[in-house]
$ cat model_23.csv   # CSV, C-alpha atoms
chain,number,residue,atom,x,y,z
A,1,VAL,CA,-5.9,-41.5,91.5
A,2,MET,CA,-5.4,-44.7,93.4
A,3,ASP,CA,-8.2,-46.7,94.9
A,4,ALA,CA,-8.3,-46.9,98.7
A,5,GLU,CA,-7.3,-50.6,98.9
A,6,ARG,CA,-4.2,-50.2,96.7
A,7,ALA,CA,-3.3,-47.0,98.6
A,8,GLU,CA,-3.6,-48.8,102.0
A,9,ARG,CA,-1.4,-51.7,100.7
A,10,ALA,CA,1.2,-49.3,99.5
A,11,VAL,CA,1.4,-47.4,102.8
A,12,ARG,CA,1.6,-50.7,104.7
A,13,ALA,CA,4.4,-51.9,102.4
A,14,HIS,CA,6.4,-48.9,103.4
A,15,PRO,CA,6.0,-48.4,107.1
A,16,LEU,CA,7.7,-45.7,109.1
A,17,SER,CA,10.5,-46.8,111.4
A,18,GLN,CA,10.1,-46.1,115.1
A,19,ASP,CA,12.6,-43.3,114.8
A,20,ALA,CA,10.8,-41.6,111.9
A,21,ALA,CA,9.0,-39.2,114.1
A,22,SER,CA,12.3,-37.4,114.8
A,23,ILE,CA,13.3,-36.9,111.2
A,24,ARG,CA,13.2,-33.4,109.8
A,25,TYR,CA,13.7,-32.1,106.3
A,26,GLY,CA,16.5,-29.6,105.9
A,27,THR,CA,18.8,-28.2,103.2
A,28,ALA,CA,20.3,-31.7,102.8
A,29,GLY,CA,16.8,-33.3,102.6
A,30,PHE,CA,16.2,-36.3,104.8
A,31,ARG,CA,19.3,-38.0,106.1
A,32,ASP,CA,19.3,-41.2,108.2
A,33,LEU,CA,20.4,-44.8,108.2
A,34,ALA,CA,19.2,-46.7,105.2
A,35,GLU,CA,17.1,-49.1,107.2
A,36,ARG,CA,15.1,-46.2,108.7
A,37,LEU,CA,14.3,-44.5,105.4
A,38,ASP,CA,11.9,-46.8,103.4
A,39,GLY,CA,8.7,-45.2,104.7
A,40,VAL,CA,10.2,-41.7,104.5
A,41,VAL,CA,11.3,-42.2,100.9
A,42,PHE,CA,7.9,-43.5,100.0
A,43,ARG,CA,6.2,-40.4,101.6
A,44,THR,CA,8.7,-38.1,99.9
A,45,GLY,CA,7.5,-39.4,96.6
A,46,ILE,CA,4.0,-38.5,97.6
A,47,LEU,CA,5.0,-35.0,98.5
A,48,ALA,CA,7.0,-34.6,95.2
A,49,ALA,CA,3.9,-35.6,93.3
A,50,ILE,CA,1.8,-33.1,95.2
A,51,ARG,CA,4.4,-30.3,94.6
A,52,SER,CA,4.5,-31.2,90.9
A,53,ARG,CA,0.7,-30.9,90.6
A,54,ILE,CA,0.7,-27.6,92.4
A,55,CYS,CA,3.6,-26.2,90.3
A,56,GLY,CA,2.4,-27.8,87.0
A,57,GLN,CA,6.0,-28.9,86.3
A,58,VAL,CA,8.2,-31.9,86.9
A,59,VAL,CA,9.7,-32.2,90.4
A,60,GLY,CA,12.7,-34.4,91.2
A,61,ILE,CA,13.7,-36.8,93.9
A,62,MET,CA,17.3,-37.5,94.5
A,63,ILE,CA,18.3,-40.6,96.5
A,64,THR,CA,21.9,-40.0,97.5
A,65,ALA,CA,24.6,-41.4,99.8
A,66,SER,CA,27.9,-41.0,97.9
A,67,HIS,CA,29.6,-38.7,100.3
A,68,ASN,CA,28.3,-40.3,103.5
A,69,PRO,CA,29.4,-43.4,105.4
A,70,GLU,CA,28.2,-46.7,103.9
A,71,ARG,CA,25.1,-47.0,106.1
A,72,ASP,CA,24.1,-43.4,105.7
A,73,ASN,CA,21.5,-42.4,103.1
A,74,GLY,CA,19.3,-39.6,102.1
A,75,VAL,CA,16.6,-38.3,99.9
A,76,LYS,CA,15.9,-34.8,98.8
A,77,ILE,CA,13.4,-33.1,96.6
A,78,VAL,CA,14.5,-31.0,93.6
A,79,ASP,CA,12.2,-28.1,92.6
A,80,PRO,CA,11.3,-27.6,88.9
A,81,SER,CA,14.0,-24.9,88.7
A,82,GLY,CA,16.6,-27.5,89.5
A,83,GLU,CA,17.2,-26.0,92.9
A,84,MET,CA,16.6,-27.5,96.3
A,85,LEU,CA,13.0,-27.6,97.7
A,86,ALA,CA,11.7,-24.2,98.5
A,87,ALA,CA,12.3,-23.4,102.2
A,88,ASP,CA,8.6,-22.8,103.0
A,89,TRP,CA,7.9,-26.4,101.9
A,90,GLU,CA,10.4,-28.0,104.3
A,91,PRO,CA,7.9,-28.2,107.2
A,92,LEU,CA,5.4,-29.8,104.8
A,93,ALA,CA,8.0,-32.3,103.8
A,94,THR,CA,8.5,-33.2,107.5
A,95,GLU,CA,4.8,-33.4,108.1
A,96,CYS,CA,4.3,-35.7,105.1
A,97,ALA,CA,7.3,-37.9,106.0
A,98,CYS,CA,6.0,-38.4,109.5
A,99,ALA,CA,2.4,-39.2,108.5
A,100,PRO,CA,1.7,-42.5,110.3
A,101,ASP,CA,-1.0,-43.9,108.1
A,102,LEU,CA,-3.1,-43.5,105.0
A,103,SER,CA,-5.7,-41.4,106.8
A,104,HIS,CA,-3.1,-38.8,107.7
A,105,LEU,CA,-1.5,-38.9,104.2
A,106,ASN,CA,-4.9,-38.5,102.6
A,107,ASP,CA,-5.9,-35.5,104.8
A,108,PHE,CA,-2.5,-33.9,104.1
A,109,ALA,CA,-2.8,-34.3,100.3
A,110,LEU,CA,-6.4,-33.1,100.3
A,111,ARG,CA,-5.4,-30.0,102.2
A,112,LEU,CA,-2.6,-29.1,99.9
A,113,LEU,CA,-4.5,-30.0,96.7
A,114,ALA,CA,-7.7,-28.2,97.6
A,115,ASP,CA,-7.3,-25.5,95.0
A,116,VAL,CA,-5.6,-27.7,92.3
A,117,ASN,CA,-7.6,-28.8,89.2
A,118,GLU,CA,-8.3,-32.5,89.4
A,119,THR,CA,-7.0,-33.0,85.8
A,120,GLN,CA,-3.6,-31.4,86.7
A,121,HIS,CA,-1.3,-34.4,86.8
A,122,GLY,CA,2.1,-34.5,88.6
A,123,GLN,CA,5.4,-35.8,87.2
A,124,VAL,CA,8.2,-36.9,89.4
A,125,LEU,CA,11.7,-37.7,88.1
A,126,ILE,CA,13.8,-40.0,90.3
A,127,GLY,CA,17.5,-40.0,90.4
A,128,TRP,CA,20.1,-41.8,92.5
A,129,ASP,CA,23.8,-42.1,92.8
A,130,THR,CA,26.0,-45.1,93.5
A,131,ARG,CA,29.1,-45.8,95.4
A,132,SER,CA,30.6,-47.9,92.6
$ encode --input "model_23.csv" --output "structure tokens"
Amino acid sequence: VMDAERAERAVRAHPLSQDAASIRYGTAGFRDLAERLDGVVFRTGILAAIRSRICGQVVGIMITASHNPERDNGVKIVDPSGEMLAADWEPLATECACAPDLSHLNDFALRLLADVNETQHGQVLIGWDTRS
């Protein structure tokens, strides 16, 4: 659990770009220009931690761009089974990624975690590829 001041600083350090409202999670995760993804990637981490707490297992995040043009990047969530994020969670990923501020993120997390034991911790494994 993070105190409110630290959480607010973290959200402010990773603002959404002006174009973030149009981003949608799909089978390829979130895809956009790198300069537009900082806030989205930060919020994807939050969603992965929530998913992990609900599942009680490790959830992955893959930051990837290897097969895209140089400026193109993406981030996707990998479920505990190693498969892509369950389709029924894709709208939740979009909602989380588009949350404009800490208040919206907090309400989102509280809604999803309402029935999860407070002692149930989440684990997120982060991976990335490289062009070199």
$ residues_around --input "model_23.csv" --residues "Gly39 of chain A" --least-positions-apart "5" --cutoff "6 Å" --atoms "all atoms listed in the file" --output "PyMOL selection string"
chain A and resi 14-16
$ atom_distance --input "model_23.csv" --atom1 "atom CA of Phe30 of chain A" --atom2 "atom CA of His121 of chain A"
25.2 Å
$ residues_around --input "model_23.csv" --residues "Asp32 of chain A" --least-positions-apart "5" --cutoff "12 Å" --atoms "all atoms listed in the file" --output "count of residues only"
24
$ closest_residue --input "model_23.csv" --among "A:Met62, A:Ala93, A:Arg51, A:Gly122" --to "Gly26 of chain A" --atoms "all atoms listed in the file"
A:Ala93
$ atom_distance --input "model_23.csv" --atom1 "atom CA of Ala87 of chain A" --atom2 "atom CA of Leu47 of chain A"
14.2 Å
$ closest_residue --input "model_23.csv" --among "A:Thr27, A:Ser103, A:Gln120, A:Gln18" --to "Ala49 of chain A" --atoms "only C-alpha atoms"
A:Gln120
$ atom_distance --input "model_23.csv" --atom1 "atom CA of Cys96 of chain A" --atom2 "atom CA of Gly82 of chain A"
21.5 Å
$ closest_residue --input "model_23.csv" --among "A:Gly29, A:Gly56, A:Leu125, A:Thr119" --to "Pro91 of chain A" --atoms "only C-alpha atoms"
A:Gly29
$ residues_around --input "model_23.csv" --residues "Ile77 of chain A" --least-positions-apart "2" --cutoff "8 Å" --atoms "only C-alpha atoms" --output "ChimeraX atom specification"
/A:29,44,48,59-62,75,79,84-85
$ write_last_selection --input "model_23.csv" --atoms "C-alpha atoms" --output "PDB file, keeping the file's coordinate frame"
ATOM      1  CA  GLY A  29      16.800 -33.300 102.600  1.00  0.00           C
ATOM      2  CA  THR A  44       8.700 -38.100  99.900  1.00  0.00           C
ATOM      3  CA  ALA A  48       7.000 -34.600  95.200  1.00  0.00           C
ATOM      4  CA  VAL A  59       9.700 -32.200  90.400  1.00  0.00           C
ATOM      5  CA  GLY A  60      12.700 -34.400  91.200  1.00  0.00           C
ATOM      6  CA  ILE A  61      13.700 -36.800  93.900  1.00  0.00           C
ATOM      7  CA  MET A  62      17.300 -37.500  94.500  1.00  0.00           C
ATOM      8  CA  VAL A  75      16.600 -38.300  99.900  1.00  0.00           C
ATOM      9  CA  ASP A  79      12.200 -28.100  92.600  1.00  0.00           C
ATOM     10  CA  MET A  84      16.600 -27.500  96.300  1.00  0.00           C
ATOM     11  CA  LEU A  85      13.000 -27.600  97.700  1.00  0.00           C
TER      12      LEU A  85
END
$ residues_around --input "model_23.csv" --residues "Phe108 of chain A" --least-positions-apart "5" --cutoff "12 Å" --atoms "only C-alpha atoms" --output "JSON, numbers by chain"
{"A": [43, 46, 47, 50, 92, 93, 94, 95, 96, 97, 98, 99, 100, 101, 102, 103, 113, 114]}
$ decode --input "model_23.csv" --residues "segment 10-23 of chain A" --atoms "all heavy atoms" --output "PDB file, in the first residue's frame"
ATOM      1  N   ALA A  10       3.712   9.842  -8.003  1.00  0.00           N
ATOM      2  CA  ALA A  10       3.925   8.830  -9.043  1.00  0.00           C
ATOM      3  C   ALA A  10       3.010   9.075 -10.244  1.00  0.00           C
ATOM      4  O   ALA A  10       3.454   9.010 -11.390  1.00  0.00           O
ATOM      5  CB  ALA A  10       3.700   7.431  -8.470  1.00  0.00           C
ATOM      6  N   VAL A  11       1.750   9.374  -9.985  1.00  0.00           N
ATOM      7  CA  VAL A  11       0.813   9.634 -11.082  1.00  0.00           C
ATOM      8  C   VAL A  11       1.219  10.893 -11.841  1.00  0.00           C
ATOM      9  O   VAL A  11       1.200  10.921 -13.077  1.00  0.00           O
ATOM     10  CB  VAL A  11      -0.640   9.733 -10.554  1.00  0.00           C
ATOM     11  CG1 VAL A  11      -1.589  10.217 -11.638  1.00  0.00           C
ATOM     12  CG2 VAL A  11      -1.098   8.381 -10.018  1.00  0.00           C
ATOM     13  N   ARG A  12       1.616  11.916 -11.121  1.00  0.00           N
ATOM     14  CA  ARG A  12       2.048  13.154 -11.789  1.00  0.00           C
ATOM     15  C   ARG A  12       3.330  12.955 -12.589  1.00  0.00           C
ATOM     16  O   ARG A  12       3.544  13.620 -13.599  1.00  0.00           O
ATOM     17  CB  ARG A  12       2.265  14.261 -10.758  1.00  0.00           C
ATOM     18  CG  ARG A  12       0.981  14.827 -10.252  1.00  0.00           C
ATOM     19  CD  ARG A  12       1.239  16.017  -9.365  1.00  0.00           C
ATOM     20  NE  ARG A  12       0.007  16.406  -8.705  1.00  0.00           N
ATOM     21  CZ  ARG A  12      -0.042  17.216  -7.697  1.00  0.00           C
ATOM     22  NH1 ARG A  12       1.053  17.749  -7.201  1.00  0.00           N
ATOM     23  NH2 ARG A  12      -1.194  17.520  -7.151  1.00  0.00           N
ATOM     24  N   ALA A  13       4.184  12.059 -12.147  1.00  0.00           N
ATOM     25  CA  ALA A  13       5.440  11.801 -12.862  1.00  0.00           C
ATOM     26  C   ALA A  13       5.209  11.056 -14.172  1.00  0.00           C
ATOM     27  O   ALA A  13       6.089  11.027 -15.039  1.00  0.00           O
ATOM     28  CB  ALA A  13       6.393  11.005 -11.974  1.00  0.00           C
ATOM     29  N   HIS A  14       4.031  10.457 -14.325  1.00  0.00           N
ATOM     30  CA  HIS A  14       3.705   9.677 -15.523  1.00  0.00           C
ATOM     31  C   HIS A  14       2.353  10.132 -16.080  1.00  0.00           C
ATOM     32  O   HIS A  14       1.380   9.376 -16.077  1.00  0.00           O
ATOM     33  CB  HIS A  14       3.690   8.186 -15.199  1.00  0.00           C
ATOM     34  CG  HIS A  14       4.974   7.701 -14.649  1.00  0.00           C
ATOM     35  ND1 HIS A  14       6.079   7.476 -15.438  1.00  0.00           N
ATOM     36  CD2 HIS A  14       5.366   7.456 -13.373  1.00  0.00           C
ATOM     37  CE1 HIS A  14       7.081   7.083 -14.671  1.00  0.00           C
ATOM     38  NE2 HIS A  14       6.679   7.077 -13.421  1.00  0.00           N
ATOM     39  N   PRO A  15       2.299  11.371 -16.566  1.00  0.00           N
ATOM     40  CA  PRO A  15       1.025  11.898 -17.057  1.00  0.00           C
ATOM     41  C   PRO A  15       0.599  11.232 -18.366  1.00  0.00           C
ATOM     42  O   PRO A  15       1.423  10.684 -19.099  1.00  0.00           O
ATOM     43  CB  PRO A  15       1.321  13.380 -17.276  1.00  0.00           C
ATOM     44  CG  PRO A  15       2.781  13.416 -17.597  1.00  0.00           C
ATOM     45  CD  PRO A  15       3.394  12.331 -16.744  1.00  0.00           C
ATOM     46  N   LEU A  16      -0.678  11.304 -18.629  1.00  0.00           N
ATOM     47  CA  LEU A  16      -1.201  10.823 -19.897  1.00  0.00           C
ATOM     48  C   LEU A  16      -0.950  11.870 -20.968  1.00  0.00           C
ATOM     49  O   LEU A  16      -1.053  13.065 -20.707  1.00  0.00           O
ATOM     50  CB  LEU A  16      -2.701  10.568 -19.789  1.00  0.00           C
ATOM     51  CG  LEU A  16      -3.117   9.389 -18.922  1.00  0.00           C
ATOM     52  CD1 LEU A  16      -4.627   9.362 -18.796  1.00  0.00           C
ATOM     53  CD2 LEU A  16      -2.607   8.084 -19.507  1.00  0.00           C
ATOM     54  N   SER A  17      -0.634  11.409 -22.158  1.00  0.00           N
ATOM     55  CA  SER A  17      -0.514  12.346 -23.281  1.00  0.00           C
ATOM     56  C   SER A  17      -1.917  12.812 -23.668  1.00  0.00           C
ATOM     57  O   SER A  17      -2.916  12.197 -23.281  1.00  0.00           O
ATOM     58  CB  SER A  17       0.160  11.673 -24.474  1.00  0.00           C
ATOM     59  OG  SER A  17      -0.733  10.762 -25.088  1.00  0.00           O
ATOM     60  N   GLN A  18      -1.989  13.873 -24.424  1.00  0.00           N
ATOM     61  CA  GLN A  18      -3.295  14.383 -24.849  1.00  0.00           C
ATOM     62  C   GLN A  18      -4.043  13.380 -25.716  1.00  0.00           C
ATOM     63  O   GLN A  18      -5.262  13.410 -25.788  1.00  0.00           O
ATOM     64  CB  GLN A  18      -3.123  15.697 -25.604  1.00  0.00           C
ATOM     65  CG  GLN A  18      -2.671  16.818 -24.706  1.00  0.00           C
ATOM     66  CD  GLN A  18      -2.524  18.124 -25.472  1.00  0.00           C
ATOM     67  OE1 GLN A  18      -2.595  18.172 -26.686  1.00  0.00           O
ATOM     68  NE2 GLN A  18      -2.299  19.196 -24.733  1.00  0.00           N
ATOM     69  N   ASP A  19      -3.319  12.480 -26.361  1.00  0.00           N
ATOM     70  CA  ASP A  19      -3.936  11.488 -27.236  1.00  0.00           C
ATOM     71  C   ASP A  19      -4.328  10.202 -26.516  1.00  0.00           C
ATOM     72  O   ASP A  19      -4.891   9.303 -27.125  1.00  0.00           O
ATOM     73  CB  ASP A  19      -2.973  11.128 -28.372  1.00  0.00           C
ATOM     74  CG  ASP A  19      -2.590  12.339 -29.196  1.00  0.00           C
ATOM     75  OD1 ASP A  19      -3.491  13.124 -29.520  1.00  0.00           O
ATOM     76  OD2 ASP A  19      -1.393  12.507 -29.489  1.00  0.00           O
ATOM     77  N   ALA A  20      -4.027  10.113 -25.226  1.00  0.00           N
ATOM     78  CA  ALA A  20      -4.249   8.860 -24.504  1.00  0.00           C
ATOM     79  C   ALA A  20      -5.715   8.462 -24.434  1.00  0.00           C
ATOM     80  O   ALA A  20      -6.029   7.280 -24.357  1.00  0.00           O
ATOM     81  CB  ALA A  20      -3.668   8.956 -23.096  1.00  0.00           C
ATOM     82  N   ALA A  21      -6.625   9.412 -24.465  1.00  0.00           N
ATOM     83  CA  ALA A  21      -8.046   9.094 -24.356  1.00  0.00           C
ATOM     84  C   ALA A  21      -8.529   8.203 -25.499  1.00  0.00           C
ATOM     85  O   ALA A  21      -9.528   7.508 -25.367  1.00  0.00           O
ATOM     86  CB  ALA A  21      -8.876  10.365 -24.294  1.00  0.00           C
ATOM     87  N   SER A  22      -7.804   8.194 -26.615  1.00  0.00           N
ATOM     88  CA  SER A  22      -8.223   7.390 -27.763  1.00  0.00           C
ATOM     89  C   SER A  22      -7.574   6.008 -27.791  1.00  0.00           C
ATOM     90  O   SER A  22      -7.900   5.200 -28.654  1.00  0.00           O
ATOM     91  CB  SER A  22      -7.908   8.131 -29.063  1.00  0.00           C
ATOM     92  OG  SER A  22      -6.505   8.284 -29.204  1.00  0.00           O
ATOM     93  N   ILE A  23      -6.686   5.718 -26.856  1.00  0.00           N
ATOM     94  CA  ILE A  23      -5.986   4.433 -26.875  1.00  0.00           C
ATOM     95  C   ILE A  23      -6.916   3.321 -26.377  1.00  0.00           C
ATOM     96  O   ILE A  23      -7.721   3.530 -25.475  1.00  0.00           O
ATOM     97  CB  ILE A  23      -4.670   4.500 -26.075  1.00  0.00           C
ATOM     98  CG1 ILE A  23      -3.774   3.333 -26.465  1.00  0.00           C
ATOM     99  CG2 ILE A  23      -4.930   4.554 -24.579  1.00  0.00           C
ATOM    100  CD1 ILE A  23      -2.327   3.550 -26.134  1.00  0.00           C
TER     101      ILE A  23
END
